[in-house]
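**Q** Dropping the structure in here first, questions after.
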Amino acid sequence: MNWLNPYFYAVSLRNWLYDRGFLKTCSFSVPILCVGNLSVGGSGKTSLVRFLAQNLAKDYHTAVLLRGYKRSTRGPVVVSYRGEVRTSWKEVGDEAYMLARLLKNVSVVVSEDRCLGAKLAVEELKAQLIILDDGFQHRRLKRDLDLVLLKEKDLKDRLLPFGRLREPLDGLKRAHAVVLTYQDLKEWEFKIEKPTFKLYRKNWRVVSGEGEVLDFKDKSFIAFCGLGDNEQFFKTLEKLGIKTEERLSFPDHYHYEGFKLQKGKFYLTTLKDFFKLEPAENLYYLDFDVEVPGLMDFVRERLTERP
């Protein structure tokens, strides 16, 4: 029923104009790899960006480029240079700050205008490769590789504003590869004539602010988060057997102003939320490793083929 949705025509017209060159793009001398999705809300993009950056930083000075959603600044800003963090999370947004804290020897830049952000990364930071976070619908910045994450629920969802899809499923025709996410929660398949990979989250651990792994078997937590899809976090806790006495769900990119921890209680949250709170001995975050069999070989092969 997309033909009844005005948003469908707006998205289709915009893509048509880019496909035929009526809307201009900017390009750069370094490879640009885009990680995106089709829907609003969490799909594992940031986890995949972290995975790619950690691997590609071994061969390239890699810069991650984000919009910097809900930040207090405007324009292009250097969040970190090769792991040296230069800002606060409020200045650049929670996701950019989290990646800057996690990624050593990687630079992070935010900019509403991705072309200006890429220019800063290449000309001033001398980046040799750019990973564009959440940029599949941002078509003005020309890229060499589009990786699109797909959730199983996307297959039956509807286009905005009646559902959570930013564009119809046939938008996948622009992708170079599709990553089927949350395979650790449920194994699922999707048939498409594109290289397809499966993303698993493994080696789950509850970690303190000092980086120590906690044995959670005899603990019960107040679990909280502010994500695009909070239910995924709580479902994961259930699957891991992590006990919760209370679950607090907040809007995506929540600031936690006035949020206080009770003494004698254990609190558990996500990495993104953890970095927005003051360190506390009873505050922990859930961390994991990402495994995407075959993806890095595919990415490196495509990068070596670049003229």
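Starting from 1 in every chain, residues are counted up; chains themselves are A, B, ... following the order of the structure tokens, and ligands are numbered from 1 as listed.
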If we count only C-alpha atoms and set the cut-off at 10 Å, which residues sit around Thr236 of chain A, ignoring sequence neighbours fewer than 3 positions away in its own chain? Please answer as a list in words.
**A**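 Non-adjacent residues within range: Tyr182, Asp184, Leu185, Trp204, Glu231, Gln232, Phe233, Lys239, Leu240, Gly241, Ile242 and Leu286 of chain A.
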**Q** Would you output that residue set with N, CA and C atoms, as a PDB file, in the first residue's frame?
**A**
ATOM      1  N   TYR A 182      21.443  -9.608  14.359  1.00  0.00           N
ATOM      2  CA  TYR A 182      20.827 -10.272  15.522  1.00  0.00           C
ATOM      3  C   TYR A 182      20.637 -11.773  15.312  1.00  0.00           C
ATOM      4  N   ASP A 184      22.308 -13.985  16.754  1.00  0.00           N
ATOM      5  CA  ASP A 184      22.486 -14.647  18.040  1.00  0.00           C
ATOM      6  C   ASP A 184      21.158 -14.788  18.783  1.00  0.00           C
ATOM      7  N   LEU A 185      20.189 -13.914  18.477  1.00  0.00           N
ATOM      8  CA  LEU A 185      18.869 -14.031  19.092  1.00  0.00           C
ATOM      9  C   LEU A 185      18.019 -15.067  18.375  1.00  0.00           C
ATOM     10  N   TRP A 204      29.705 -12.357  25.461  1.00  0.00           N
ATOM     11  CA  TRP A 204      29.022 -11.352  26.275  1.00  0.00           C
ATOM     12  C   TRP A 204      29.658 -11.278  27.658  1.00  0.00           C
ATOM     13  N   GLU A 231      13.977  -3.006  23.597  1.00  0.00           N
ATOM     14  CA  GLU A 231      13.549  -4.376  23.867  1.00  0.00           C
ATOM     15  C   GLU A 231      14.633  -5.384  23.498  1.00  0.00           C
ATOM     16  N   GLN A 232      15.448  -5.051  22.506  1.00  0.00           N
ATOM     17  CA  GLN A 232      16.537  -5.958  22.115  1.00  0.00           C
ATOM     18  C   GLN A 232      17.518  -6.145  23.272  1.00  0.00           C
ATOM     19  N   PHE A 233      17.787  -5.063  24.005  1.00  0.00           N
ATOM     20  CA  PHE A 233      18.701  -5.130  25.144  1.00  0.00           C
ATOM     21  C   PHE A 233      18.140  -6.036  26.229  1.00  0.00           C
ATOM     22  N   LYS A 239      18.212 -13.896  27.563  1.00  0.00           N
ATOM     23  CA  LYS A 239      18.879 -15.020  26.904  1.00  0.00           C
ATOM     24  C   LYS A 239      20.182 -15.381  27.611  1.00  0.00           C
ATOM     25  N   LEU A 240      20.874 -14.368  28.149  1.00  0.00           N
ATOM     26  CA  LEU A 240      22.149 -14.610  28.839  1.00  0.00           C
ATOM     27  C   LEU A 240      21.949 -15.094  30.268  1.00  0.00           C
ATOM     28  N   GLY A 241      20.709 -15.068  30.742  1.00  0.00           N
ATOM     29  CA  GLY A 241      20.444 -15.482  32.115  1.00  0.00           C
ATOM     30  C   GLY A 241      20.830 -14.438  33.142  1.00  0.00           C
ATOM     31  N   ILE A 242      20.888 -13.184  32.726  1.00  0.00           N
ATOM     32  CA  ILE A 242      21.213 -12.095  33.648  1.00  0.00           C
ATOM     33  C   ILE A 242      19.929 -11.647  34.336  1.00  0.00           C
ATOM     34  N   LEU A 286      27.104  -3.804  29.561  1.00  0.00           N
ATOM     35  CA  LEU A 286      27.127  -5.078  28.856  1.00  0.00           C
ATOM     36  C   LEU A 286      27.924  -4.905  27.569  1.00  0.00           C
TER      37      LEU A 286
END
**Q** Residues near Glu246 of chain A, anyone? I mean within 8 Å using only C-alpha atoms, not counting same-chain ones fewer than 2 positions away, as a compact mmCIF listing (two decimals) with C-alpha atoms, in the first residue's frame.
**A**
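Result file follows (result.txt):
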# COMPACT_ATOMS: atom_id res chain seq x y z
CA PHE A 221 20.46 -5.69 38.33
CA ILE A 222 18.41 -2.62 37.63
CA ALA A 223 18.74 -2.69 33.86
CA THR A 244 16.91 -8.09 36.61
CA LEU A 248 13.95 1.14 32.91
**Q** Check the DSSP output for the backbone and give back, as number ranges by chain, the residues of segment 75-218 of chain A in alpha helix (DSSP H).
**A** A: 89-92, 94-102, 114-119
**Q** Pick out the residues sitting within 10 Å of Phe51 of chain A, and hand them over as a PyMOL selection string; count only C-alpha atoms, and ignore anything fewer than 4 positions along from it in its own chain.
**A** chain A and resi 45-47+55-56+103+289-292+296
**Q** Among segment 92-294 of chain A, which residues carry a DSSP assignment of strand (DSSP E), reported as a ChimeraX atom specification?
**A** /A:107-110,129-133,145-150,177-180,196-198,200-208,213-214,220-225,243-249,266-270,283-291
**Q** What lies within 12 Å of Lys186 of chain A using only C-alpha atoms, ignoring chain neighbours under 6 positions off, as number ranges by chain?
**A** A: 151-153, 180, 198-201, 232, 235-236, 239
**Q** Using only N, CA, C and O atoms, please write the residues we just selected to a file, as a CSV table (one decimal), in the first residue's frame.
**A**
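Below is the file result_1.csv, written as the result:
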chain,number,residue,atom,x,y,z
A,151,LYS,N,17.2,-6.2,9.7
A,151,LYS,CA,16.6,-7.0,10.8
A,151,LYS,C,15.5,-7.8,10.3
A,151,LYS,O,14.8,-7.4,9.3
A,152,GLU,N,15.2,-8.9,10.9
A,152,GLU,CA,14.1,-9.8,10.4
A,152,GLU,C,12.8,-9.0,10.4
A,152,GLU,O,12.0,-9.2,9.5
A,153,LYS,N,12.6,-8.2,11.4
A,153,LYS,CA,11.3,-7.5,11.5
A,153,LYS,C,11.1,-6.5,10.4
A,153,LYS,O,10.0,-6.1,10.0
A,180,LEU,N,22.7,-9.6,7.7
A,180,LEU,CA,21.5,-10.0,8.5
A,180,LEU,C,21.9,-10.0,10.0
A,180,LEU,O,22.7,-10.8,10.4
A,198,LYS,N,26.1,-12.8,7.9
A,198,LYS,CA,25.3,-12.9,9.2
A,198,LYS,C,26.1,-12.3,10.3
A,198,LYS,O,27.3,-12.7,10.5
A,199,LEU,N,25.5,-11.4,11.1
A,199,LEU,CA,26.2,-10.8,12.2
A,199,LEU,C,25.8,-11.5,13.5
A,199,LEU,O,24.6,-11.6,13.8
A,200,TYR,N,26.8,-12.0,14.3
A,200,TYR,CA,26.5,-12.6,15.6
A,200,TYR,C,27.2,-11.8,16.7
A,200,TYR,O,28.3,-11.3,16.5
A,201,ARG,N,26.6,-11.6,17.8
A,201,ARG,CA,27.2,-11.0,19.0
A,201,ARG,C,27.6,-12.1,19.9
A,201,ARG,O,26.8,-12.9,20.3
A,232,GLN,N,15.4,-5.1,22.5
A,232,GLN,CA,16.5,-6.0,22.1
A,232,GLN,C,17.5,-6.1,23.3
A,232,GLN,O,18.0,-7.2,23.5
A,235,LYS,N,15.8,-8.4,25.9
A,235,LYS,CA,15.8,-9.8,25.4
A,235,LYS,C,17.1,-10.4,25.5
A,235,LYS,O,17.2,-11.6,25.9
A,236,THR,N,18.2,-9.7,25.3
A,236,THR,CA,19.5,-10.2,25.4
A,236,THR,C,19.8,-10.6,26.8
A,236,THR,O,20.4,-11.7,27.0
A,239,LYS,N,18.2,-13.9,27.6
A,239,LYS,CA,18.9,-15.0,26.9
A,239,LYS,C,20.2,-15.4,27.6
A,239,LYS,O,20.6,-16.6,27.7
**Q** Quick one: residues within 9 Å of Lys265 of chain A, only C-alpha atoms counted, chain neighbours fewer than 2 positions away excluded, as a CSV table (one decimal) with all heavy atoms, in the first residue's frame?
**A**
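What follows is the written file part_38.csv:
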chain,number,residue,atom,x,y,z
A,220,SER,N,21.6,-9.5,40.8
A,220,SER,CA,20.4,-9.0,40.2
A,220,SER,C,20.5,-7.5,39.9
A,220,SER,O,21.0,-6.8,40.8
A,220,SER,CB,19.2,-9.3,41.1
A,220,SER,OG,18.0,-8.9,40.4
A,221,PHE,N,20.2,-7.1,38.8
A,221,PHE,CA,20.5,-5.7,38.3
A,221,PHE,C,19.2,-4.9,38.1
A,221,PHE,O,18.1,-5.4,37.7
A,221,PHE,CB,21.3,-5.7,37.0
A,221,PHE,CG,22.6,-6.4,37.1
A,221,PHE,CD1,22.7,-7.7,36.9
A,221,PHE,CD2,23.7,-5.6,37.4
A,221,PHE,CE1,24.0,-8.3,37.0
A,221,PHE,CE2,25.0,-6.2,37.5
A,221,PHE,CZ,25.1,-7.6,37.3
A,222,ILE,N,19.4,-3.6,38.2
A,222,ILE,CA,18.4,-2.6,37.6
A,222,ILE,C,18.9,-2.3,36.2
A,222,ILE,O,20.0,-1.7,36.1
A,222,ILE,CB,18.3,-1.3,38.5
A,222,ILE,CG1,17.7,-1.6,39.8
A,222,ILE,CG2,17.4,-0.3,37.7
A,222,ILE,CD1,17.7,-0.4,40.8
A,261,LEU,N,21.8,6.8,41.0
A,261,LEU,CA,21.9,5.4,41.4
A,261,LEU,C,21.7,5.2,42.9
A,261,LEU,O,22.2,5.9,43.7
A,261,LEU,CB,23.3,4.8,41.0
A,261,LEU,CG,23.8,5.1,39.6
A,261,LEU,CD1,25.2,4.4,39.4
A,261,LEU,CD2,22.8,4.6,38.5
A,262,GLN,N,20.9,4.2,43.2
A,262,GLN,CA,20.7,3.9,44.6
A,262,GLN,C,21.8,3.0,45.2
A,262,GLN,O,22.4,2.1,44.5
A,262,GLN,CB,19.4,3.1,44.7
A,262,GLN,CG,18.2,3.7,44.2
A,262,GLN,CD,17.0,2.8,44.3
A,262,GLN,OE1,16.7,2.2,45.4
A,262,GLN,NE2,16.2,2.6,43.2
A,263,LYS,N,22.3,3.4,46.4
A,263,LYS,CA,23.3,2.6,47.0
A,263,LYS,C,22.8,1.2,47.3
A,263,LYS,O,21.6,1.0,47.6
A,263,LYS,CB,23.7,3.3,48.3
A,263,LYS,CG,24.5,4.6,48.1
A,263,LYS,CD,25.0,5.2,49.4
A,263,LYS,CE,25.7,6.5,49.2
A,263,LYS,NZ,26.2,7.1,50.4
A,267,TYR,N,23.6,-1.7,38.9
A,267,TYR,CA,23.0,-1.2,37.7
A,267,TYR,C,23.7,-1.7,36.4
A,267,TYR,O,25.0,-1.7,36.4
A,267,TYR,CB,23.0,0.4,37.7
A,267,TYR,CG,22.1,1.0,38.6
A,267,TYR,CD1,22.4,1.1,40.0
A,267,TYR,CD2,20.8,1.5,38.2
A,267,TYR,CE1,21.5,1.6,40.9
A,267,TYR,CE2,19.9,2.1,39.1
A,267,TYR,CZ,20.3,2.1,40.5
A,267,TYR,OH,19.4,2.7,41.3
A,282,ASN,N,28.9,0.8,41.5
A,282,ASN,CA,27.8,-0.2,41.3
A,282,ASN,C,27.2,0.0,39.9
A,282,ASN,O,26.1,-0.5,39.6
A,282,ASN,CB,26.7,0.0,42.3
A,282,ASN,CG,26.2,1.4,42.3
A,282,ASN,OD1,26.8,2.4,41.8
A,282,ASN,ND2,25.0,1.6,42.9
A,283,LEU,N,27.9,0.6,38.9
A,283,LEU,CA,27.5,0.8,37.6
A,283,LEU,C,28.3,-0.1,36.6
A,283,LEU,O,29.5,0.0,36.6
A,283,LEU,CB,27.6,2.3,37.1
A,283,LEU,CG,27.1,2.6,35.7
A,283,LEU,CD1,25.7,2.3,35.5
A,283,LEU,CD2,27.4,4.1,35.4
**Q** Produce a table with one row for each residue of segment 253-295 of chain A that has an atom at most 7 Å from any atom of segment 83-102 of chain A, each row naming the nearest atom pair and its distance in Å at one decimal; use only C-alpha atoms; arrange rows by chain and rising residue number; format as CSV.
**A**
residue,atom,partner,partner_atom,distance
A:His253,CA,A:Asp94,CA,6.8
A:Lys272,CA,A:Met98,CA,5.9
A:Phe275,CA,A:Met98,CA,6.6
A:Lys276,CA,A:Trp89,CA,7.0
**Q** I need the residue nearest Lys24 of chain A from this list: A:Val178, A:Leu141, A:Leu159, A:Leu277. Use only C-alpha atoms for the distance.
**A**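 The answer is A:Leu141, which sits nearest to Lys24 of chain A.
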**Q** Could you jot down the atom CA of Val122 of chain A to atom CA of Cys34 of chain A separation for me, Å, one decimal place?
**A**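 So the two atoms, atom CA of Val122 of chain A and atom CA of Cys34 of chain A, lie 15.8 Å apart.
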**Q** Closest to Pro168 of chain A among A:Gln137, A:Ser72, A:Ala63, A:Asp144, using only C-alpha atoms?
**A**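 Of the candidates, the smallest distance to Pro168 of chain A is held by A:Gln137.
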**Q** Would you kindly return, as a ChimeraX atom specification, each protein, DNA or RNA residue with an atom no farther than 9 Å from any atom of Ser27 of chain A, considering only C-alpha atoms and excluding same-chain residues fewer than 4 positions away?
**A** /A:32,115,118,140-143
**Q** With only C-alpha atoms as the counted atoms, please give the residues lying no more than 12 Å from Pro6 of chain A, apart from itself and same-chain residues fewer than 6 positions off, as an mmCIF file with N, CA and C atoms, in the first residue's frame.
**A**
data_model
loop_
_atom_site.group_PDB
_atom_site.id
_atom_site.type_symbol
_atom_site.label_atom_id
_atom_site.label_comp_id
_atom_site.auth_asym_id
_atom_site.auth_seq_id
_atom_site.Cartn_x
_atom_site.Cartn_y
_atom_site.Cartn_z
ATOM 1 N N SER A 12 11.169 8.087 -3.206
ATOM 2 C CA SER A 12 11.386 7.576 -4.564
ATOM 3 C C SER A 12 11.900 8.675 -5.485
ATOM 4 N N LEU A 13 11.328 9.871 -5.379
ATOM 5 C CA LEU A 13 11.768 10.986 -6.223
ATOM 6 C C LEU A 13 13.208 11.356 -5.910
ATOM 7 N N LEU A 159 6.507 1.465 5.649
ATOM 8 C CA LEU A 159 7.237 2.708 5.463
ATOM 9 C C LEU A 159 6.733 3.769 6.444
ATOM 10 N N LEU A 160 7.637 4.647 6.879
ATOM 11 C CA LEU A 160 7.243 5.799 7.687
ATOM 12 C C LEU A 160 6.119 6.559 6.985
ATOM 13 N N PRO A 161 5.182 7.143 7.705
ATOM 14 C CA PRO A 161 5.054 7.218 9.165
ATOM 15 C C PRO A 161 4.232 6.078 9.768
ATOM 16 N N PHE A 162 3.826 5.120 8.933
ATOM 17 C CA PHE A 162 2.977 4.029 9.402
ATOM 18 C C PHE A 162 3.782 2.875 9.989
#
**Q** Using only C-alpha atoms, which residue out of A:Asn15, A:Ser29, A:Ser39, A:Asn203 lies closest to Leu169 of chain A?
**A**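 With only C-alpha atoms as the atom set, the closest residue is A:Ser39.
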